[in-house]
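A.B. asks: final.cif (mmCIF, C-alpha atoms) pasted underneath:
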data_input
loop_
_atom_site.label_atom_id
_atom_site.label_comp_id
_atom_site.auth_asym_id
_atom_site.auth_seq_id
_atom_site.Cartn_x
_atom_site.Cartn_y
_atom_site.Cartn_z
CA MET J 8 -14.14 104.74 -40.38
CA ASP J 9 -13.98 108.24 -38.91
CA TYR J 10 -14.21 109.96 -42.30
CA THR J 11 -17.06 112.38 -42.89
CA ILE J 12 -18.54 112.89 -46.35
CA LEU J 13 -21.05 115.62 -47.23
CA VAL J 14 -23.32 114.68 -50.17
CA VAL J 15 -24.76 117.73 -51.96
CA ASP J 16 -27.47 117.25 -54.60
CA ASP J 17 -30.81 118.95 -55.18
CA GLU J 18 -32.36 115.67 -56.43
CA ILE J 19 -33.68 113.83 -53.38
CA SER J 20 -33.56 110.34 -54.93
CA GLN J 21 -29.92 110.73 -55.98
CA ARG J 22 -29.00 112.21 -52.61
CA GLU J 23 -30.65 109.38 -50.66
CA THR J 24 -29.10 106.69 -52.88
CA LEU J 25 -25.59 108.07 -52.42
CA THR J 26 -26.07 108.66 -48.70
CA GLY J 27 -27.36 105.14 -48.09
CA PHE J 28 -24.59 103.52 -50.12
CA LEU J 29 -21.78 105.45 -48.42
CA LYS J 30 -23.17 104.72 -44.94
CA LYS J 31 -23.12 101.00 -45.75
CA LYS J 32 -19.46 101.39 -46.72
CA GLY J 33 -18.75 102.65 -43.21
CA TYR J 34 -18.42 106.39 -43.81
CA VAL J 35 -19.99 109.09 -41.64
CA VAL J 36 -22.36 110.77 -44.10
CA LYS J 37 -24.22 114.08 -44.05
CA SER J 38 -26.36 115.51 -46.83
CA ALA J 39 -27.56 118.85 -48.14
CA GLU J 40 -30.11 119.72 -50.81
CA SER J 41 -28.44 122.99 -51.81
CA GLY J 42 -25.05 124.65 -52.02
CA GLN J 43 -26.03 127.28 -49.45
CA TYR J 44 -27.07 124.69 -46.85
CA ALA J 45 -23.93 122.66 -47.60
CA LEU J 46 -21.76 125.70 -46.91
CA THR J 47 -23.48 126.18 -43.53
CA ILE J 48 -22.65 122.58 -42.61
CA ILE J 49 -19.03 123.00 -43.76
CA LYS J 50 -18.65 126.13 -41.62
CA ASN J 51 -20.03 124.52 -38.48
CA GLU J 52 -18.91 120.88 -38.69
CA THR J 53 -15.77 118.91 -39.51
CA ILE J 54 -16.05 117.64 -43.08
CA ASP J 55 -13.35 115.60 -44.84
CA LEU J 56 -14.85 115.35 -48.31
CA VAL J 57 -17.63 117.10 -50.22
CA LEU J 58 -19.36 115.12 -52.97
CA THR J 59 -21.33 117.68 -54.96
CA ASP J 60 -23.45 117.82 -58.08
CA MET J 61 -22.33 120.52 -60.51
CA ARG J 62 -25.76 121.69 -61.65
CA MET J 63 -27.84 123.10 -58.81
CA PRO J 64 -29.99 126.25 -58.54
CA VAL J 65 -28.72 129.48 -56.85
CA MET J 66 -25.30 128.11 -55.81
CA ASP J 67 -23.93 125.51 -58.22
CA GLY J 68 -21.14 123.02 -57.61
CA ALA J 69 -18.42 125.32 -58.98
CA GLU J 70 -19.41 128.09 -56.55
CA LEU J 71 -19.58 125.64 -53.65
CA LEU J 72 -16.11 124.35 -54.59
CA ARG J 73 -14.61 127.86 -54.48
CA ALA J 74 -16.34 128.71 -51.19
CA THR J 75 -15.23 125.43 -49.60
CA LYS J 76 -11.60 125.85 -50.64
CA ALA J 77 -11.60 129.45 -49.40
CA LEU J 78 -12.89 128.27 -46.04
CA ASN J 79 -10.61 125.24 -45.66
CA PRO J 80 -8.26 124.16 -48.49
CA ASP J 81 -7.77 120.79 -46.77
CA ILE J 82 -11.33 119.66 -47.51
CA ASP J 83 -11.41 117.40 -50.57
CA VAL J 84 -14.11 118.00 -53.18
CA ILE J 85 -15.30 115.45 -55.75
CA VAL J 86 -17.73 116.80 -58.34
CA MET J 87 -20.49 114.84 -60.06
CA THR J 88 -21.29 115.89 -63.60
CA ALA J 89 -23.24 114.70 -66.60
CA PHE J 90 -21.23 112.85 -69.25
CA GLY J 91 -21.60 115.77 -71.66
CA SER J 92 -20.16 118.29 -69.15
CA ILE J 93 -16.56 117.11 -68.99
CA GLU J 94 -15.38 120.68 -69.65
CA ALA J 95 -17.06 121.82 -66.43
CA ALA J 96 -15.40 118.97 -64.53
CA THR J 97 -12.00 119.89 -65.98
CA ALA J 98 -12.51 123.50 -64.91
CA ALA J 99 -13.43 122.27 -61.43
CA MET J 100 -10.16 120.29 -61.23
CA LYS J 101 -8.24 123.45 -62.10
CA ASN J 102 -10.06 125.25 -59.28
CA GLY J 103 -9.06 122.69 -56.69
CA ALA J 104 -11.43 119.72 -57.04
CA THR J 105 -9.77 116.45 -56.04
CA ASP J 106 -11.53 114.38 -58.71
CA PHE J 107 -14.75 114.09 -60.70
CA ILE J 108 -17.17 111.33 -61.53
CA THR J 109 -19.73 111.24 -64.34
CA LYS J 110 -23.44 110.52 -64.14
CA PRO J 111 -25.13 108.08 -63.97
CA ILE J 112 -23.05 107.26 -60.92
CA ASP J 113 -21.34 103.88 -60.80
CA LEU J 114 -21.45 103.35 -57.02
CA GLU J 115 -18.49 100.97 -56.86
CA GLN J 116 -16.43 103.37 -58.99
CA LEU J 117 -17.44 106.15 -56.60
CA ASP J 118 -16.24 104.07 -53.63
CA LEU J 119 -12.89 103.46 -55.37
CA THR J 120 -12.53 107.19 -56.09
CA ILE J 121 -13.22 108.05 -52.44
CA GLN J 122 -10.79 105.38 -51.22
CA LYS J 123 -8.11 106.80 -53.51
CA THR J 124 -8.76 110.28 -52.09
CA LEU J 125 -8.65 108.96 -48.52
CA GLN J 126 -5.39 107.09 -49.13
CA LYS J 127 -3.84 110.22 -50.63
CA LYS J 128 -4.91 112.30 -47.60
CA GLN J 129 -3.42 109.75 -45.20
CA LEU J 130 -0.20 109.58 -47.19
CA VAL J 131 0.10 113.37 -47.18
CA SER J 132 -0.47 113.45 -43.43
CA GLU J 133 2.05 110.69 -42.71
CA ASN J 134 4.74 112.32 -44.85
CA LYS J 135 4.12 115.93 -43.81
CA ARG J 136 7.11 116.13 -41.48
CA LEU J 137 9.35 114.43 -44.03
CA ARG J 138 8.27 116.98 -46.65
CA GLU J 139 9.16 119.76 -44.24
CA LEU J 140 12.70 118.42 -43.95
CA LEU J 141 13.21 117.67 -47.63
CA ASN J 142 11.35 120.48 -49.37
CA GLU J 143 13.89 123.19 -48.58
CA ARG J 144 12.73 125.17 -51.59
CA HIS J 145 9.71 126.10 -49.48
CA ARG J 146 11.92 127.52 -46.74
CA PHE J 147 13.93 130.71 -46.80
CA GLY J 148 15.53 131.84 -43.59
CA GLY J 149 13.39 129.51 -41.46
CA ILE J 150 10.11 130.70 -43.01
CA ILE J 151 7.66 127.83 -43.47
CA SER J 152 5.36 128.02 -46.48
CA THR J 153 4.04 126.08 -49.45
CA SER J 154 1.64 128.74 -50.73
CA SER J 155 2.32 130.29 -54.12
CA ALA J 156 1.76 133.85 -52.83
CA MET J 157 4.32 133.45 -50.05
CA GLU J 158 6.71 131.60 -52.33
CA HIS J 159 6.58 134.58 -54.72
CA ALA J 160 7.49 136.96 -51.87
CA MET J 161 10.33 134.70 -50.74
CA SER J 162 11.60 134.45 -54.31
CA ILE J 163 11.91 138.24 -54.50
CA ALA J 164 13.59 138.31 -51.08
CA ALA J 165 16.11 135.64 -52.11
CA ARG J 166 16.99 137.53 -55.29
CA VAL J 167 17.43 140.89 -53.56
CA ALA J 168 19.56 139.38 -50.78
CA SER J 169 22.77 139.29 -52.82
CA SER J 170 22.49 142.98 -53.75
CA THR J 171 22.83 146.16 -51.70
CA ALA J 172 19.43 147.49 -52.83
CA THR J 173 17.05 148.94 -50.26
CA ALA J 174 13.99 146.74 -49.73
CA LEU J 175 10.51 147.74 -48.54
CA ILE J 176 8.47 144.96 -46.94
CA LEU J 177 4.70 145.50 -46.85
CA GLY J 178 2.23 143.44 -44.88
CA GLU J 179 -0.29 143.39 -42.08
CA SER J 180 0.84 143.18 -38.47
CA GLY J 181 1.92 139.67 -37.54
CA THR J 182 2.68 138.41 -41.06
CA GLY J 183 6.41 137.98 -40.39
CA LYS J 184 8.01 141.06 -41.94
CA GLU J 185 11.00 140.92 -39.58
CA LEU J 186 11.54 137.25 -40.44
CA ILE J 187 11.79 138.21 -44.12
CA ALA J 188 14.21 141.03 -43.27
CA LYS J 189 16.41 138.65 -41.26
CA ALA J 190 16.29 136.10 -44.07
CA ILE J 191 17.51 138.73 -46.55
CA HIS J 192 20.34 139.74 -44.21
CA PHE J 193 21.54 136.21 -43.44
CA ALA J 194 21.42 135.25 -47.13
CA SER J 195 23.49 138.31 -48.06
CA PRO J 196 27.27 138.93 -48.14
CA ARG J 197 26.72 140.92 -44.91
CA SER J 198 25.52 137.86 -42.97
CA ASP J 199 28.52 137.91 -40.60
CA LYS J 200 27.88 141.56 -39.74
CA PRO J 201 25.24 143.00 -37.35
CA PHE J 202 21.49 142.88 -38.01
CA VAL J 203 20.04 145.78 -36.02
CA PRO J 204 16.24 146.19 -35.78
CA VAL J 205 14.48 149.38 -34.69
CA ASN J 206 10.71 149.72 -34.32
CA MET J 207 9.66 153.30 -35.05
CA ALA J 208 6.18 152.77 -33.61
CA ALA J 209 7.69 151.95 -30.22
CA LEU J 210 9.73 155.17 -29.98
CA SER J 211 8.49 158.51 -28.71
CA ASP J 212 9.16 161.53 -30.95
CA ASN J 213 11.95 162.90 -28.75
CA LEU J 214 13.87 159.60 -28.79
CA VAL J 215 13.70 158.74 -32.50
CA GLU J 216 16.76 160.67 -33.70
CA SER J 217 18.89 159.69 -30.71
CA GLU J 218 18.06 156.02 -31.31
CA LEU J 219 18.83 156.21 -35.03
CA PHE J 220 21.81 158.56 -35.14
CA GLY J 221 23.17 158.60 -31.57
CA HIS J 222 24.24 161.65 -29.55
CA GLU J 223 27.25 163.35 -28.04
CA LYS J 224 27.79 163.85 -24.34
CA GLY J 225 25.83 166.88 -23.14
CA ALA J 226 23.77 167.12 -26.35
CA PHE J 227 20.62 167.37 -24.24
CA THR J 228 19.52 167.00 -20.64
CA GLY J 229 20.35 163.49 -19.49
CA ALA J 230 22.97 162.83 -22.20
CA GLN J 231 25.76 161.99 -19.75
CA GLN J 232 27.92 160.18 -22.29
CA ARG J 233 28.31 159.62 -26.00
CA ARG J 234 25.91 157.05 -27.42
CA LEU J 235 26.15 155.29 -30.78
CA GLY J 236 22.87 155.15 -32.72
CA ARG J 237 21.43 152.15 -34.56
CA PHE J 238 23.08 153.14 -37.85
CA GLU J 239 26.55 153.03 -36.32
CA GLN J 240 25.70 149.82 -34.44
CA ALA J 241 24.78 148.26 -37.79
CA SER J 242 28.10 149.22 -39.41
CA SER J 243 28.80 147.05 -42.48
CA GLY J 244 25.61 145.13 -41.73
CA THR J 245 21.86 145.69 -42.02
CA ILE J 246 19.47 148.03 -40.23
CA PHE J 247 15.83 146.97 -40.22
CA ILE J 248 13.50 149.96 -39.78
CA ASP J 249 10.17 148.45 -38.78
CA GLU J 250 6.96 150.52 -38.99
CA VAL J 251 8.80 153.13 -41.05
CA GLY J 252 5.44 154.83 -41.68
CA ASP J 253 5.59 156.07 -38.08
CA THR J 254 8.76 158.08 -38.67
CA PRO J 255 8.20 161.80 -37.82
CA LEU J 256 8.45 164.14 -40.82
CA SER J 257 11.42 165.93 -39.24
CA THR J 258 13.30 162.63 -39.00
CA GLN J 259 12.30 161.58 -42.51
CA VAL J 260 14.52 164.37 -43.88
CA LYS J 261 17.55 162.99 -42.05
CA LEU J 262 16.71 159.43 -43.06
CA LEU J 263 16.59 160.55 -46.69
CA ARG J 264 20.06 162.07 -46.27
CA VAL J 265 21.43 158.74 -45.05
CA LEU J 266 20.03 157.02 -48.14
CA GLN J 267 21.42 159.68 -50.48
CA GLU J 268 24.78 160.50 -48.91
CA HIS J 269 25.48 157.45 -46.71
CA GLN J 270 26.36 159.60 -43.72
CA ILE J 271 24.84 160.66 -40.41
CA GLU J 272 25.42 163.29 -37.73
CA ARG J 273 25.07 162.52 -34.06
CA ILE J 274 22.84 164.88 -32.06
CA GLY J 275 25.07 167.61 -30.65
CA SER J 276 27.66 167.28 -33.41
CA SER J 277 28.04 168.79 -36.87
CA THR J 278 30.67 166.28 -37.98
CA PRO J 279 29.35 163.92 -40.66
CA ILE J 280 30.08 160.22 -40.13
CA LYS J 281 30.19 157.84 -43.09
CA VAL J 282 28.07 154.71 -42.66
CA ASP J 283 28.06 151.54 -44.74
CA VAL J 284 24.65 150.06 -43.91
CA ARG J 285 22.07 148.13 -45.90
CA ILE J 286 18.56 149.47 -45.16
CA ILE J 287 15.47 147.27 -45.08
CA ALA J 288 12.22 148.97 -44.10
CA ALA J 289 8.76 147.59 -43.32
CA THR J 290 5.30 148.91 -42.60
CA ASN J 291 1.68 147.89 -42.30
CA ARG J 292 0.52 151.40 -43.15
CA PRO J 293 -0.51 152.64 -46.64
CA LEU J 294 2.58 154.70 -47.54
CA GLU J 295 1.25 155.81 -50.93
CA GLU J 296 -1.85 157.21 -49.26
CA MET J 297 0.32 158.87 -46.62
CA VAL J 298 2.39 160.49 -49.37
CA GLU J 299 -0.78 161.91 -50.92
CA ASN J 300 -1.86 163.26 -47.52
CA GLY J 301 1.54 164.85 -46.85
CA GLU J 302 2.28 162.50 -43.94
CA PHE J 303 5.23 160.80 -45.63
CA ARG J 304 7.85 162.30 -47.93
CA GLU J 305 7.49 161.21 -51.54
CA ASP J 306 11.26 161.29 -52.18
CA LEU J 307 11.89 159.08 -49.14
CA TYR J 308 9.16 156.69 -50.25
CA TYR J 309 10.80 156.12 -53.62
CA ARG J 310 14.23 155.78 -52.03
CA LEU J 311 12.92 153.05 -49.74
CA ASN J 312 10.78 151.37 -52.37
CA VAL J 313 13.60 150.16 -54.64
CA VAL J 314 12.44 146.55 -54.26
CA LYS J 315 8.97 145.95 -52.82
CA ILE J 316 8.09 142.67 -51.10
CA SER J 317 4.41 142.15 -50.24
CA ILE J 318 3.70 139.55 -47.54
CA PRO J 319 0.23 137.95 -47.88
CA PRO J 320 -1.93 137.71 -44.74
CA LEU J 321 -2.48 134.24 -43.30
CA ARG J 322 -6.13 134.19 -44.40
CA GLU J 323 -4.88 134.26 -48.00
CA ARG J 324 -2.46 131.36 -47.50
CA LYS J 325 -4.42 128.97 -45.31
CA ILE J 326 -2.63 126.06 -46.96
CA ASP J 327 0.32 126.95 -44.68
CA ILE J 328 -1.67 126.58 -41.44
CA PRO J 329 -1.01 122.82 -40.90
CA LEU J 330 2.75 123.23 -41.44
CA LEU J 331 2.94 126.31 -39.23
CA ALA J 332 0.82 124.68 -36.52
CA ASP J 333 3.04 121.59 -36.54
CA SER J 334 6.16 123.74 -36.22
CA PHE J 335 4.69 125.76 -33.33
CA ILE J 336 3.53 122.58 -31.56
CA ARG J 337 7.08 121.21 -31.56
CA LYS J 338 8.50 124.57 -30.47
CA TYR J 339 6.18 125.06 -27.49
CA ALA J 340 5.99 121.41 -26.47
CA ASP J 341 9.75 121.58 -26.00
CA MET J 342 9.63 125.00 -24.30
CA HIS J 343 6.91 124.01 -21.82
CA GLN J 344 8.09 120.39 -21.46
CA LYS J 345 4.82 118.93 -22.71
CA ALA J 346 4.37 115.65 -24.60
CA VAL J 347 2.13 117.23 -27.25
CA SER J 348 3.04 116.14 -30.77
CA ALA J 349 -0.15 116.38 -32.85
CA ILE J 350 -3.49 118.11 -33.33
CA SER J 351 -6.85 116.41 -33.80
CA ARG J 352 -8.68 116.54 -37.11
CA GLU J 353 -11.56 118.49 -35.54
CA ALA J 354 -9.23 121.05 -33.94
CA MET J 355 -7.33 121.52 -37.20
CA ASP J 356 -10.65 122.05 -38.98
CA LYS J 357 -11.43 124.90 -36.55
CA LEU J 358 -8.00 126.44 -37.15
CA MET J 359 -8.43 126.24 -40.92
CA LYS J 360 -11.80 128.05 -40.82
CA TYR J 361 -10.58 130.99 -38.73
CA ASP J 362 -9.58 134.29 -40.41
CA TYR J 363 -6.60 135.33 -38.18
CA PRO J 364 -6.75 139.13 -37.95
CA GLY J 365 -3.46 138.82 -36.04
CA ASN J 366 -1.97 136.60 -38.77
CA VAL J 367 0.88 134.14 -38.05
CA ARG J 368 1.58 135.78 -34.69
CA GLU J 369 -1.99 135.02 -33.61
CA LEU J 370 -1.78 131.41 -34.80
CA GLU J 371 1.43 130.99 -32.82
CA ASN J 372 -0.26 132.41 -29.72
CA ILE J 373 -3.23 130.05 -30.16
CA ILE J 374 -0.94 127.02 -30.51
CA GLU J 375 1.16 127.96 -27.47
CA GLN J 376 -1.99 128.35 -25.37
CA SER J 377 -3.34 125.04 -26.65
CA VAL J 378 -0.08 123.20 -25.93
CA VAL J 379 -0.05 124.54 -22.36
CA LEU J 380 -3.69 123.53 -21.77
CA SER J 381 -3.54 120.12 -23.48
CA ARG J 382 -4.22 117.08 -21.33
CA ASP J 383 -2.48 114.46 -23.47
CA GLU J 384 -0.28 114.12 -26.54
CA MET J 385 -2.80 115.73 -28.88
CA ILE J 386 -4.44 119.16 -29.07
CA HIS J 387 -8.22 118.80 -29.08
CA ILE J 388 -10.99 121.34 -29.70
CA ILE J 389 -11.38 121.80 -25.93
CA ASP J 390 -7.77 123.04 -25.76
CA LEU J 391 -8.39 125.86 -28.27
CA PRO J 392 -9.49 129.37 -27.21
CA ILE J 393 -13.19 129.37 -26.33
CA THR J 394 -14.16 131.57 -29.29
CA LEU J 395 -12.65 129.07 -31.73
CA GLN J 396 -14.33 126.16 -29.93
CA ASN J 397 -17.76 127.74 -30.33
CA GLY J 398 -17.13 129.23 -33.75
CA THR J 399 -18.47 132.56 -32.43
CA GLU J 400 -15.44 134.75 -33.13
CA GLN J 401 -16.69 137.79 -35.00
CA HIS J 402 -13.76 137.74 -37.42
CA ASN J 403 -14.79 134.30 -38.61
CA ASP J 404 -18.35 135.38 -39.42
CA THR J 405 -18.47 136.11 -43.14
CA SER J 406 -21.88 137.74 -42.80
CA SER J 407 -20.67 140.65 -40.65
CA GLY J 408 -19.21 142.81 -43.40
CA SER J 409 -15.91 143.02 -45.23
CA PHE J 410 -12.81 141.55 -43.64
CA GLN J 411 -11.19 144.98 -43.45
CA ALA J 412 -14.21 146.31 -41.56
CA ARG J 413 -13.99 143.43 -39.07
CA VAL J 414 -10.25 143.97 -38.56
CA GLU J 415 -10.85 147.67 -37.92
CA ALA J 416 -13.62 146.84 -35.42
CA PHE J 417 -11.19 144.48 -33.66
CA GLU J 418 -8.49 147.17 -33.60
CA LYS J 419 -10.91 149.79 -32.25
CA GLN J 420 -11.89 147.48 -29.41
CA LEU J 421 -8.24 146.82 -28.53
CA ILE J 422 -7.58 150.57 -28.37
CA LYS J 423 -10.67 151.15 -26.21
CA ASP J 424 -9.60 148.36 -23.83
CA ALA J 425 -6.04 149.72 -23.57
CA LEU J 426 -7.26 153.24 -22.83
CA GLN J 427 -9.65 151.94 -20.19
CA GLN J 428 -6.95 149.84 -18.52
CA SER J 429 -4.54 152.78 -18.51
CA ASN J 430 -7.17 155.19 -17.14
CA GLY J 431 -7.02 157.24 -20.33
CA VAL J 432 -3.25 157.84 -20.20
CA GLN J 433 -2.24 157.67 -23.86
CA THR J 434 1.45 157.02 -23.14
CA LYS J 435 0.60 153.90 -21.13
CA ALA J 436 -2.03 152.76 -23.63
CA ALA J 437 0.39 153.13 -26.55
CA LYS J 438 3.05 151.11 -24.71
CA GLN J 439 0.52 148.37 -23.97
CA LEU J 440 -0.51 148.26 -27.64
CA GLY J 441 3.11 148.21 -28.85
CA MET J 442 2.85 151.45 -30.81
CA SER J 443 4.11 155.00 -30.46
CA GLU J 444 1.93 157.66 -28.85
CA ARG J 445 1.91 159.44 -32.21
CA HIS J 446 0.57 156.32 -33.92
CA LEU J 447 -2.08 155.96 -31.23
CA ARG J 448 -3.21 159.56 -31.80
CA TYR J 449 -3.45 158.77 -35.53
CA LYS J 450 -5.66 155.76 -34.76
CA LEU J 451 -7.84 157.77 -32.37
CA GLN J 452 -8.41 160.34 -35.11
CA LYS J 453 -8.96 157.66 -37.78
CA TYR J 454 -11.62 155.86 -35.76
CA ASN J 455 -13.08 159.06 -34.28
CA LEU J 456 -12.43 157.78 -30.75
CA LYS J 457 -12.53 160.30 -27.93
CA ASN J 458 -10.20 159.80 -25.00
#
Before we go any further, please render this structure as structure tokens.
C.D. replies:
Amino acid sequence: MDYTILVVDDEISQRETLTGFLKKKGYVVKSAESGQYALTIIKNETIDLVLTDMRMPVMDGAELLRATKALNPDIDVIVMTAFGSIEAATAAMKNGATDFITKPIDLEQLDLTIQKTLQKKQLVSENKRLRELLNERHRFGGIISTSSAMEHAMSIAARVASSTATALILGESGTGKELIAKAIHFASPRSDKPFVPVNMAALSDNLVESELFGHEKGAFTGAQQRRLGRFEQASSGTIFIDEVGDTPLSTQVKLLRVLQEHQIERIGSSTPIKVDVRIIAATNRPLEEMVENGEFREDLYYRLNVVKISIPPLRERKIDIPLLADSFIRKYADMHQKAVSAISREAMDKLMKYDYPGNVRELENIIEQSVVLSRDEMIHIIDLPITLQNGTEQHNDTSSGSFQARVEAFEKQLIKDALQQSNGVQTKAAKQLGMSERHLRYKLQKYNLKN
């Protein structure tokens, strides 16, 4: 059977006995004499199940279990432990082990335990789509997730939806902050009213106030007629202010006034206009740090931060990758009229081991590309981006520093590429990167990049 087991034990006789027995049972078997070597194999090859001894030097079974689950939660782990160490086995089960077996190993009992694990995996796979349809408690506004961290965020969002409280959504770029904002709106009493998004990072300084508050005819050069701003467009509904950390200080004062007095003034007019709008804001920038540095008003921060919703990055909820990938496959197979309906075990293993600096948005992009390039009804490793095929993507290399450092290196390279492609014109580079010129200048200063 095409089911790969990795046997990890520092005792050579035990390792060879288990390896030989499992090969005779028809499994594909690999072995490792240490936890460190086992982890190298897990990173570079497709492993379905790890059978590991608990007591090993340097990296023991408990450490290997944690590292394996962090890398790919879909890999099953069965721990082997001495009869007197049941407490350690129980702790391992709490940390994600599928099962445990006591020493001396009863080989037939081991085979039964592995068969039970294999049957469970197959059952989970066969019923995955059914679970998606039936487990509506894991969905809020079309958001797909089974992870506890994401479920906590969605729980807060669901509870705040029925109120009029301002919500602040925090999360890295690509985590789905706008999806959460839409979910709050459409689960609220304002669901039949407008949902109006505005991305502050995409607006130049001289357009921000006109976009938010509108202007009167003749208010400035080019204002040939009255224009309603986003607040008036969102009347009785919800305005979603994305990347609120990019709001200029001068505009922050006026935004604070809207929150306090529920009224605006169009540019070129001194007549206040009452607005009934629910405000949801989002950012991937550290607002508290910006407050300390004088870049963001403290009073506005507290007005926005009535209810805070933190969206975990995809690398911290890898359990959601199979469900998300399946959803994206169906979406893009239909869009591009392809017959793709599944993803191979090896390709899924590559997806599970990747860190996703671009989060869910990056996974979606990878799946769309793979669907377009697929040759049959299944996505294979060859259909994935070349860096995932080879396992050479720098963000997936845990030895190259902290994740934050790798994300920053990735961001710096994107900025350098954009500046080079735009011949150093910051306005063009900012547009290409999907950020405001002001935000680009902030990044240039942060990373000490000279244009």
A.B. asks: Pick out the closest residue to J:Phe247 from this set: J:Pro111, J:Gly183, J:Pro204, J:Gly275. Count only C-alpha atoms.
C.D. replies: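 The shortest atom-to-atom distance to J:Phe247 comes from J:Pro204.
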A.B. asks: Go through J:Ile374, J:Gly225, J:Val260, J:Glu40 one by one, measure the shortest atom-to-atom distance of each to J:Ile386 using all atoms listed in the file, and give the residue with the smallest value.
C.D. replies: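 So, comparing all the options, the nearest one is J:Ile374.
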A.B. asks: May I ask for the distance between atom CA of J:Ala226 and atom CA of J:Ile271, given in Å to one decimal place?
C.D. replies: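 Computed distance, atom CA of J:Ala226 to atom CA of J:Ile271, equals 15.5 Å.
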A.B. asks: What is the atom CA of J:Ile82-atom CA of J:Asp383 distance in Å, reported with one decimal?
C.D. replies: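 Separation of atom CA of J:Ile82 and atom CA of J:Asp383: 26.1 Å.
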A.B. asks: Got a sec: who's within 7 Å of stretch 16-22 of chain J, counting all atoms listed in the file, leaving out chain neighbours fewer than 4 positions off, as a VMD selection string?
C.D. replies: chain J and resid 26 39 to 41 59 to 60 63
A.B. asks: Apply the PyMOL selection byres ((chain J and resi 372) around 12) to the structure shown and report the selected residues as number ranges by chain.
C.D. replies: J: 181, 331-332, 335-336, 338-339, 363, 365-371, 373-379, 391-392
A.B. asks: Compile the contact shell of J:Ala208 as a ChimeraX atom specification: residues with an atom at most 7 Å away, counting all atoms listed in the file, same-chain residues fewer than 3 positions apart removed.
C.D. replies: /J:250,253,442-443,446
A.B. asks: Which one of J:Lys315, J:Arg234, J:His343, J:His222 sits closest to J:Met161 if you count all atoms listed in the file?
C.D. replies: J:Lys315
A.B. asks: Find the residues around J:Leu117 up to 12 Å (only C-alpha atoms counted), leave out those fewer than 4 positions away in its own chain, and share them as a ChimeraX atom specification.
C.D. replies: /J:25-26,28-29,32,58,85-87,106-113,121-124
A.B. asks: Report, in Å with one decimal, the straight-line distance from atom CA of J:Asp81 to atom CA of J:Ala346.
C.D. replies: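 About the pair atom CA of J:Asp81 and atom CA of J:Ala346: they are 25.8 Å apart.
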A.B. asks: Take the PyMOL selection byres ((chain J and resi 68-79) around 8), apply it to the structure above, and return the hits as JSON, numbers by chain.
C.D. replies: {"J": [42, 43, 46, 49, 50, 59, 60, 61, 62, 63, 66, 67, 80, 81, 82, 84, 86, 99, 102, 103, 104, 325, 356, 359, 360]}
A.B. asks: Kindly indicate which residue among J:Asn206, J:Ser198, J:Ser169, J:Thr182 lies nearest to J:Ala288, using all atoms listed in the file for the distances.
C.D. replies: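 That would be J:Asn206, the residue with the smallest distance to J:Ala288.
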A.B. asks: Which residues, written as a list in words, have at least one atom at most 9 Å from J:Leu440, with only C-alpha atoms counted and residues fewer than 3 positions away on the same chain left out?
C.D. replies: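 So the residues in contact are Leu421, Ile422, Ala425, Lys435, Ala436, Ala437, Ser443 and Leu447 of chain J.
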A.B. asks: Spell out the residues picked by the PyMOL selection byres ((chain J and resi 241-245) around 6) here, as a list in words.
C.D. replies: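 So the PyMOL selection byres ((chain J and resi 241-245) around 6) ends up selecting Arg197, Lys200, Pro201, Phe202, Val203, Phe238, Glu239, Gln240, Ile246, Asp283, Val284, Arg285 and Ile286 of chain J.
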A.B. asks: Please write as a PDB file with C-alpha atoms, in the frame of the given file the list of polymer residues whose atoms come within 6 Å of (-21.0, 114.5, -42.1), counting all atoms listed in the file and keeping to the coordinates of the file.
C.D. replies:
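As a result, selection_17.pdb now contains:
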ATOM      1  CA  THR J  11     -17.060 112.380 -42.890  1.00  0.00           C
ATOM      2  CA  ILE J  12     -18.540 112.890 -46.350  1.00  0.00           C
ATOM      3  CA  LEU J  13     -21.050 115.620 -47.230  1.00  0.00           C
ATOM      4  CA  VAL J  35     -19.990 109.090 -41.640  1.00  0.00           C
ATOM      5  CA  VAL J  36     -22.360 110.770 -44.100  1.00  0.00           C
ATOM      6  CA  LYS J  37     -24.220 114.080 -44.050  1.00  0.00           C
ATOM      7  CA  ILE J  54     -16.050 117.640 -43.080  1.00  0.00           C
TER       8      ILE J  54
END
A.B. asks: Of the candidates J:Gly33, J:Gly252, J:Gly431, J:Pro319, which one gets nearest to J:Ala156 if we count all atoms listed in the file?
C.D. replies: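 Nearest to J:Ala156: J:Pro319.
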A.B. asks: Name the residues in contact with J:Ala164 at a cut-off of 8 Å, using only C-alpha atoms, excluding same-chain residues fewer than 2 positions from it; report them as a compact mmCIF listing (two decimals) with C-alpha atoms, in the coordinates of the input.
C.D. replies:
# COMPACT_ATOMS: atom_id res chain seq x y z
CA ALA J 160 7.49 136.96 -51.87
CA MET J 161 10.33 134.70 -50.74
CA SER J 162 11.60 134.45 -54.31
CA ARG J 166 16.99 137.53 -55.29
CA VAL J 167 17.43 140.89 -53.56
CA ALA J 168 19.56 139.38 -50.78
CA ILE J 187 11.79 138.21 -44.12
CA ALA J 190 16.29 136.10 -44.07
CA ILE J 191 17.51 138.73 -46.55
CA ILE J 316 8.09 142.67 -51.10
A.B. asks: Restricting the calculation to only C-alpha atoms, which member of J:Lys128, J:His159, J:Arg292, J:Arg273 is positioned closest to J:Ser180?
C.D. replies: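 Distance minimum relative to J:Ser180 lands on J:Arg292.
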A.B. asks: Kindly provide, as AutoDock Vina command-line options, the centre and edge lengths (Å, one decimal) of an axis-aligned box around all atoms of stretch 187-190 of chain J given in the file, with 3 Å on each side.
C.D. replies:
--center_x 14.1 --center_y 138.6 --center_z -42.7 --size_x 10.6 --size_y 10.9 --size_z 8.9
